[in-house]
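Participant: To be precise about what I am sending: the file is called run.tsv and holds TSV, C-alpha atoms.
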```
chain	number	residue	atom	x	y	z
F	22	MET	CA	-9.76	18.75	14.81
F	23	ASN	CA	-12.41	18.62	12.08
F	24	GLY	CA	-12.01	16.70	8.83
F	25	LYS	CA	-11.04	19.72	6.75
F	26	LYS	CA	-8.26	20.69	9.15
F	27	ILE	CA	-7.06	17.09	9.17
F	28	VAL	CA	-6.68	17.22	5.37
F	29	GLY	CA	-4.56	20.35	5.52
F	30	PHE	CA	-2.44	18.95	8.34
F	31	LEU	CA	-1.81	15.63	6.60
F	32	LEU	CA	-0.81	17.21	3.31
F	33	THR	CA	1.65	19.42	5.17
F	34	PHE	CA	2.86	16.45	7.28
F	35	THR	CA	3.40	14.08	4.37
F	36	PHE	CA	4.19	16.26	1.36
F	37	GLY	CA	5.06	19.64	2.85
F	38	LEU	CA	1.98	21.19	1.22
F	39	GLY	CA	-0.19	23.63	3.10
F	40	LEU	CA	-3.84	23.54	2.02
F	41	GLU	CA	-6.25	26.00	3.60
F	42	VAL	CA	-9.83	24.72	3.60
F	43	SER	CA	-12.46	26.78	5.38
F	44	ALA	CA	-15.31	25.16	7.26
F	45	LYS	CA	-17.73	26.29	4.54
F	46	GLU	CA	-15.79	24.74	1.67
F	47	VAL	CA	-16.10	21.20	0.37
F	48	SER	CA	-13.06	19.03	1.17
F	49	PRO	CA	-10.93	18.67	-1.97
F	50	ASN	CA	-10.56	15.37	-3.78
F	51	ILE	CA	-6.96	14.11	-3.82
F	52	LEU	CA	-5.35	12.17	-6.68
F	53	PHE	CA	-1.77	11.09	-5.93
F	54	ILE	CA	0.03	9.80	-9.02
F	55	PHE	CA	3.26	8.07	-7.97
F	56	ALA	CA	5.52	6.73	-10.71
F	57	ASP	CA	8.27	4.13	-10.31
F	58	ASP	CA	11.86	5.07	-11.30
F	59	TRP	CA	10.71	8.16	-13.24
F	60	GLY	CA	13.73	10.48	-13.45
F	61	TRP	CA	13.52	14.24	-13.01
F	62	GLY	CA	14.56	14.69	-16.64
F	63	ASP	CA	12.06	12.15	-18.01
F	64	LEU	CA	9.43	14.75	-18.85
F	65	SER	CA	9.21	16.80	-22.01
F	66	CYS	CA	8.53	19.88	-19.86
F	67	HIS	CA	11.89	19.20	-18.16
F	68	GLY	CA	13.68	19.12	-21.50
F	69	HIS	CA	13.84	15.43	-22.37
F	70	PRO	CA	15.15	15.13	-25.94
F	71	TYR	CA	12.58	12.60	-27.20
F	72	VAL	CA	10.14	11.47	-24.49
F	73	LYS	CA	6.74	13.13	-24.92
F	74	THR	CA	4.56	13.69	-21.85
F	75	PRO	CA	1.87	16.23	-22.84
F	76	ASN	CA	-0.55	15.29	-20.06
F	77	ILE	CA	1.93	15.59	-17.21
F	78	ASP	CA	3.28	18.73	-18.90
F	79	ARG	CA	-0.26	20.07	-18.66
F	80	LEU	CA	-0.22	19.55	-14.89
F	81	ALA	CA	3.04	21.49	-14.68
F	82	LYS	CA	1.64	24.33	-16.80
F	83	GLU	CA	-1.60	24.58	-14.83
F	84	GLY	CA	-0.07	23.93	-11.41
F	85	THR	CA	3.29	24.26	-9.66
F	86	ASP	CA	6.40	22.38	-10.79
F	87	PHE	CA	8.80	21.97	-7.85
F	88	HIS	CA	12.44	21.67	-8.94
F	89	ARG	CA	14.08	20.83	-5.60
F	90	PHE	CA	11.82	18.10	-4.22
F	91	THR	CA	13.43	14.98	-2.73
F	92	VAL	CA	12.10	11.66	-1.51
F	93	ALA	CA	13.32	9.79	1.59
F	94	SER	CA	15.14	6.97	-0.22
F	95	GLY	CA	16.73	6.06	-3.53
F	96	VAL	CA	14.75	2.80	-3.75
F	97	CYS	CA	11.11	1.80	-3.83
F	98	SER	CA	9.69	0.37	-0.60
F	99	PRO	CA	11.32	2.78	1.89
F	100	SER	CA	10.34	5.76	-0.27
F	101	ARG	CA	6.73	4.55	-0.37
F	102	THR	CA	6.78	3.89	3.38
F	103	ALA	CA	7.80	7.50	4.00
F	104	ILE	CA	5.02	8.80	1.76
F	105	MET	CA	2.34	6.72	3.47
F	106	THR	CA	3.47	7.32	7.07
F	107	GLY	CA	5.21	10.70	7.03
F	108	HIS	CA	8.07	9.00	8.92
F	109	PHE	CA	11.63	8.13	8.03
F	110	PRO	CA	11.48	4.50	6.79
F	111	ALA	CA	14.30	3.50	9.15
F	112	ARG	CA	11.75	3.76	11.96
F	113	TYR	CA	10.25	0.55	10.54
F	114	ASN	CA	13.60	-1.08	9.53
F	115	ILE	CA	12.56	-0.70	5.89
F	116	ASN	CA	15.83	0.12	4.15
F	117	GLY	CA	15.44	-1.72	0.85
F	118	HIS	CA	12.78	-3.13	-1.43
F	119	PHE	CA	10.54	-5.86	-0.07
F	120	ALA	CA	11.60	-9.19	-1.55
F	121	TRP	CA	11.07	-12.80	-0.50
F	122	VAL	CA	11.40	-13.79	3.16
F	123	PRO	CA	15.09	-14.90	3.27
F	124	SER	CA	16.22	-11.70	1.53
F	125	ASN	CA	14.23	-9.52	3.92
F	126	ALA	CA	15.60	-11.40	6.95
F	127	LYS	CA	19.18	-11.04	5.71
F	128	ARG	CA	18.73	-7.27	5.69
F	129	ASN	CA	16.96	-7.22	9.10
F	130	MET	CA	13.77	-6.06	7.39
F	131	PRO	CA	10.17	-7.02	8.12
F	132	ASP	CA	8.17	-8.67	5.35
F	133	TRP	CA	5.67	-5.80	5.06
F	134	LEU	CA	4.89	-2.37	6.44
F	135	ASP	CA	3.05	-2.68	9.74
F	136	PRO	CA	-0.66	-1.99	9.01
F	137	LYS	CA	-0.89	-0.33	12.45
F	138	ALA	CA	1.53	2.41	11.41
F	139	PRO	CA	0.06	5.92	11.07
F	140	LEU	CA	-1.19	6.05	7.49
F	141	LEU	CA	-2.24	8.90	5.23
F	142	SER	CA	-5.04	6.74	3.82
F	143	ARG	CA	-6.48	5.89	7.23
F	144	PHE	CA	-6.37	9.49	8.47
F	145	LEU	CA	-8.16	10.69	5.35
F	146	LYS	CA	-10.72	7.92	5.66
F	147	SER	CA	-11.43	9.05	9.22
F	148	ALA	CA	-11.93	12.58	7.83
F	149	GLY	CA	-14.75	11.32	5.59
F	150	TYR	CA	-12.85	10.40	2.42
F	151	ALA	CA	-13.53	7.44	0.15
F	152	THR	CA	-10.10	5.85	-0.32
F	153	ALA	CA	-8.65	3.70	-3.09
F	154	HIS	CA	-5.30	2.37	-4.27
F	155	PHE	CA	-4.67	1.32	-7.87
F	156	GLY	CA	-1.32	0.17	-9.26
F	157	LYS	CA	1.95	-0.85	-7.69
F	158	TRP	CA	1.96	-1.62	-3.96
F	159	HIS	CA	5.38	-2.93	-2.85
F	160	LEU	CA	4.73	-2.25	0.82
F	161	ALA	CA	4.88	-6.05	0.87
F	162	ASN	CA	5.52	-8.45	-2.02
F	163	ASP	CA	3.57	-10.88	-4.18
F	164	MET	CA	6.04	-13.62	-3.13
F	165	ILE	CA	4.75	-13.36	0.45
F	166	PRO	CA	1.18	-14.70	0.14
F	167	ASP	CA	0.22	-14.06	3.78
F	168	SER	CA	1.12	-10.35	3.67
F	169	PRO	CA	-1.72	-7.91	4.45
F	170	PRO	CA	-3.56	-6.63	1.34
F	171	PRO	CA	-4.02	-2.87	0.75
F	172	SER	CA	-7.49	-3.08	2.30
F	173	ARG	CA	-5.76	-3.51	5.68
F	174	TYR	CA	-4.14	-0.10	5.22
F	175	GLY	CA	-7.24	2.03	5.15
F	176	PHE	CA	-8.35	1.63	1.53
F	177	ASP	CA	-12.00	1.06	0.66
F	178	ALA	CA	-11.11	-0.31	-2.79
F	179	TYR	CA	-7.95	-1.47	-4.50
F	180	GLY	CA	-6.45	-3.17	-7.50
F	181	ALA	CA	-2.73	-3.74	-7.13
F	182	PHE	CA	0.40	-5.71	-7.95
F	183	ASN	CA	3.51	-6.43	-5.85
F	184	CYS	CA	1.07	-7.42	-3.10
F	185	SER	CA	-0.56	-10.62	-1.90
F	186	GLY	CA	-3.48	-12.09	-3.79
F	187	LYS	CA	-4.54	-11.46	-7.37
F	188	GLN	CA	-2.21	-9.17	-9.33
F	189	MET	CA	-3.91	-6.35	-11.22
F	190	PRO	CA	-2.62	-6.02	-14.83
F	191	VAL	CA	-0.23	-3.06	-14.86
F	192	HIS	CA	-2.08	-1.10	-17.55
F	193	GLU	CA	-5.48	-1.23	-15.80
F	194	ASP	CA	-4.59	1.35	-13.15
F	195	ALA	CA	-6.26	4.35	-14.83
F	196	LYS	CA	-9.34	2.34	-15.82
F	197	ASN	CA	-9.91	1.34	-12.20
F	198	ALA	CA	-9.27	4.87	-10.94
F	199	ILE	CA	-11.79	6.31	-13.41
F	200	ALA	CA	-14.44	3.77	-12.37
F	201	PHE	CA	-13.88	4.63	-8.71
F	202	ILE	CA	-14.16	8.36	-9.40
F	203	GLU	CA	-17.39	7.90	-11.37
F	204	LYS	CA	-18.92	5.64	-8.73
F	205	ASN	CA	-17.87	7.94	-5.93
F	206	GLN	CA	-19.40	10.98	-7.59
F	207	LYS	CA	-22.82	9.55	-6.76
F	208	THR	CA	-22.05	9.41	-3.02
F	209	GLY	CA	-21.00	13.03	-2.63
F	210	LYS	CA	-17.95	12.06	-0.56
F	211	PRO	CA	-14.49	13.45	-1.37
F	212	PHE	CA	-12.04	10.82	-2.63
F	213	PHE	CA	-8.38	10.03	-2.06
F	214	ILE	CA	-6.80	7.84	-4.74
F	215	ASN	CA	-3.29	6.44	-4.90
F	216	LEU	CA	-2.58	5.93	-8.61
F	217	TRP	CA	0.82	4.25	-8.42
F	218	LEU	CA	2.15	3.67	-11.93
F	219	HIS	CA	4.42	0.79	-12.89
F	220	GLU	CA	6.36	2.87	-15.39
F	221	PRO	CA	9.22	3.07	-16.03
F	222	HIS	CA	10.26	0.14	-13.83
F	223	THR	CA	11.36	-3.18	-15.27
F	224	PRO	CA	10.03	-5.23	-16.93
F	225	PHE	CA	9.22	-2.74	-19.67
F	226	HIS	CA	5.80	-3.76	-20.98
F	227	THR	CA	5.38	-2.23	-24.43
F	228	LEU	CA	2.44	-2.09	-26.82
F	229	PRO	CA	2.92	-1.77	-30.62
F	230	LYS	CA	0.87	1.44	-30.71
F	231	TYR	CA	3.41	3.20	-28.52
F	232	ARG	CA	6.49	1.67	-30.17
F	233	LYS	CA	5.22	3.13	-33.46
F	234	ARG	CA	5.14	6.64	-32.02
F	235	PHE	CA	8.94	6.77	-32.02
F	236	PRO	CA	10.01	5.08	-35.28
F	237	LYS	CA	13.35	6.88	-35.58
F	238	LEU	CA	14.70	5.91	-32.18
F	239	GLU	CA	17.04	2.96	-31.71
F	240	GLU	CA	15.48	0.03	-29.86
F	241	HIS	CA	16.54	0.82	-26.27
F	242	ASP	CA	15.35	4.42	-26.51
F	243	ASN	CA	12.22	3.37	-28.40
F	244	ILE	CA	11.22	0.99	-25.59
F	245	TYR	CA	11.78	3.61	-22.91
F	246	ALA	CA	9.90	6.34	-24.77
F	247	ALA	CA	7.04	3.94	-25.49
F	248	VAL	CA	6.41	2.97	-21.86
F	249	LEU	CA	6.52	6.58	-20.66
F	250	SER	CA	4.21	7.71	-23.45
F	251	HIS	CA	1.74	4.97	-22.50
F	252	ALA	CA	1.84	6.03	-18.84
F	253	ASP	CA	1.33	9.68	-19.77
F	254	ASP	CA	-1.72	8.74	-21.86
F	255	ARG	CA	-3.27	6.96	-18.87
F	256	VAL	CA	-2.65	10.01	-16.70
F	257	GLY	CA	-4.42	12.01	-19.41
F	258	GLU	CA	-7.44	9.68	-19.31
F	259	VAL	CA	-7.88	10.36	-15.59
F	260	LEU	CA	-7.40	14.12	-15.99
F	261	ASN	CA	-9.99	14.12	-18.77
F	262	THR	CA	-12.40	12.34	-16.42
F	263	LEU	CA	-11.99	15.08	-13.84
F	264	ASP	CA	-12.79	17.63	-16.56
F	265	ARG	CA	-15.76	15.66	-17.87
F	266	LEU	CA	-17.27	15.37	-14.39
F	267	LYS	CA	-16.49	19.05	-13.70
F	268	ILE	CA	-14.52	18.29	-10.54
F	269	ALA	CA	-11.02	19.30	-11.67
F	270	ASP	CA	-11.24	22.62	-9.81
F	271	ASN	CA	-11.86	20.79	-6.55
F	272	THR	CA	-9.29	18.01	-7.04
F	273	LEU	CA	-5.72	18.26	-5.83
F	274	VAL	CA	-3.56	16.33	-8.31
F	275	ILE	CA	0.02	15.40	-7.37
F	276	PHE	CA	2.55	13.73	-9.67
F	277	SER	CA	5.85	12.40	-8.38
F	278	SER	CA	8.19	9.39	-8.43
F	279	ASP	CA	9.52	7.07	-5.73
F	280	ASN	CA	13.16	7.54	-6.78
F	281	GLY	CA	15.39	8.44	-9.70
F	282	PRO	CA	15.89	6.41	-12.88
F	283	ALA	CA	17.63	3.05	-13.11
F	284	ARG	CA	20.67	2.78	-15.34
F	285	MET	CA	22.91	-0.07	-16.51
F	286	PRO	CA	26.41	0.21	-18.01
F	287	SER	CA	26.58	0.68	-21.77
F	288	GLY	CA	26.65	-2.63	-23.59
F	289	PHE	CA	24.45	-4.52	-21.12
F	290	PRO	CA	22.49	-6.99	-23.29
F	291	LEU	CA	18.84	-6.27	-24.00
F	292	LYS	CA	16.70	-9.29	-23.16
F	293	THR	CA	13.21	-10.12	-22.03
F	294	MET	CA	12.58	-11.03	-18.41
F	295	HIS	CA	9.72	-12.37	-16.34
F	296	ASP	CA	8.43	-10.73	-13.18
F	297	THR	CA	6.19	-12.72	-10.85
F	298	ALA	CA	3.90	-9.72	-10.33
F	299	THR	CA	3.72	-8.10	-13.77
F	300	GLY	CA	4.76	-10.73	-16.32
F	301	GLU	CA	7.06	-10.62	-19.34
F	302	GLY	CA	8.85	-7.53	-20.62
F	303	PHE	CA	12.21	-6.03	-21.49
F	304	ASN	CA	15.00	-5.93	-18.93
F	305	VAL	CA	16.92	-3.04	-17.39
F	306	ALA	CA	19.09	-2.61	-20.49
F	307	ALA	CA	16.25	-0.47	-21.87
F	308	ALA	CA	16.38	1.84	-18.83
F	309	LYS	CA	17.35	5.11	-20.49
F	310	GLY	CA	16.08	7.58	-17.93
F	311	ILE	CA	17.83	10.87	-17.29
F	312	THR	CA	18.16	13.02	-14.19
F	313	GLY	CA	18.31	16.48	-15.75
F	314	GLY	CA	22.04	16.68	-15.13
F	315	ARG	CA	21.87	15.64	-11.48
F	316	LYS	CA	24.57	13.27	-10.28
F	317	GLY	CA	23.64	9.69	-9.39
F	318	TRP	CA	20.89	7.25	-10.28
F	319	LYS	CA	18.39	4.98	-8.57
F	320	ALA	CA	19.66	3.54	-5.24
F	321	SER	CA	21.90	6.57	-4.72
F	322	LEU	CA	21.37	9.27	-2.10
F	323	LEU	CA	22.83	11.79	-4.53
F	324	GLU	CA	20.41	14.18	-6.21
F	325	GLY	CA	19.89	11.92	-9.23
F	326	GLY	CA	18.63	9.17	-6.95
F	327	ILE	CA	16.31	11.15	-4.68
F	328	GLY	CA	15.60	14.37	-6.59
F	329	VAL	CA	12.42	13.53	-8.49
F	330	PRO	CA	9.57	15.30	-10.27
F	331	PHE	CA	6.97	16.82	-7.96
F	332	ILE	CA	4.11	18.62	-9.66
F	333	VAL	CA	0.99	19.85	-7.89
F	334	ARG	CA	-2.18	21.25	-9.45
```
Show the structure stored in the file as structure tokens.

Facilitator:
Amino acid sequence: MNGKKIVGFLLTFTFGLGLEVSAKEVSPNILFIFADDWGWGDLSCHGHPYVKTPNIDRLAKEGTDFHRFTVASGVCSPSRTAIMTGHFPARYNINGHFAWVPSNAKRNMPDWLDPKAPLLSRFLKSAGYATAHFGKWHLANDMIPDSPPPSRYGFDAYGAFNCSGKQMPVHEDAKNAIAFIEKNQKTGKPFFINLWLHEPHTPFHTLPKYRKRFPKLEEHDNIYAAVLSHADDRVGEVLNTLDRLKIADNTLVIFSSDNGPARMPSGFPLKTMHDTATGEGFNVAAAKGITGGRKGWKASLLEGGIGVPFIVR
């Protein structure tokens, strides 16, 4: 099977997307934007009452917005395992998020995804792609220092957090992706990039610029809108790079989320919290995501927990 057929097969295998590429065509670049806890209703194009996501809305307008897409789990690590392997995560005993060693052992989980598993990144690399991962990892954990880094999973370059080693600052994902795209343009190879956003997972890391965009919202809603607006801007920076380099027409862009939005009972106190991978930010009390009327939230196997945005351009 040649490289172009491998690409079409893998996209069908992993995402259910058929992509016909003839032997005379150049293999398409692939940019996979994977958010964290982003609810189906957390897009302005899906009717959110105050969150503004013009760049992701643009993808929906110019591409295909799937309304009945589901992921394999209502929580992070198993959902990401399924995306990377095309397998049910139970095959690897990954049924919850990777935490520290005693917690993983208590749940009969390994401490990381086996690097020898069949991996989308490694298959694409074998088909001639330059591969990179920028953003959240969580196929291991930063509290397990001997866990394999993303480079062991078929990536030529990476900058990540929730992994072993140095933690990439959460807002530097797009900057790293843009640098990789620009550098790779000189090689003539197609690229595959995982751009795995932190937003809108806790802690909520806000910048004043984005808080000021929503002055009329009460604090919880203001925090939530600010982090999503910041993430959407970074998505826009990468899309603008594809336009500037005139490669948008040959780049498959996918936007989705690992699971539905988190939600705490009304009255849960808003506080700051510290995360070992990403630092200080607001706690889950500011989690104001919506599911577009679907029942259930993060960690649920109801539609609100596993029915997520899936947009392809």

Participant: Closest to Tyr71 in chain F among F:Ser94, F:Asn162, F:Thr297, F:Ser250, using only C-alpha atoms?

Facilitator: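 Selected residue with least distance to Tyr71 in chain F: F:Ser250.
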
Participant: Around the point (-3.2, 15.3, -8.8) (coordinates from the file), which residues reach within 7 Å if we count all atoms listed in the file? Answer as a list in words.

Facilitator: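 Protein and nucleic acid residues near the point are Ile51, Leu52, Phe53, Ile54, Thr272, Leu273, Val274, Ile275, Phe276, Val333 and Arg334 of chain F.
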
Participant: Which neighbours of Leu140 in chain F fall inside 7 Å, counting all atoms listed in the file, when residues of the same chain fewer than 3 positions from it are skipped, and could you give them as a VMD selection string?

Facilitator: chain F and resid 105 to 106 143 to 144

Participant: Give me the residues within 8 Å of Thr91 in chain F as an NGL selection string, counting all atoms listed in the file and dropping any in the same chain fewer than 6 places off.

Facilitator: :F and (324 or 327-329)

Participant: Measuring between all atoms listed in the file, which one of F:Gly180, F:Pro49, F:Pro139, F:Pro123 shows the shortest distance to Asn271 in chain F?

Facilitator: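 Smallest distance to Asn271 in chain F is found for F:Pro49.
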
Participant: Smallest atom-to-atom distance to Thr223 in chain F: which of F:Gly175, F:Pro290, F:Pro236, F:Gly302, using all atoms listed in the file?

Facilitator: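 Closest to Thr223 in chain F of all the choices is F:Gly302.
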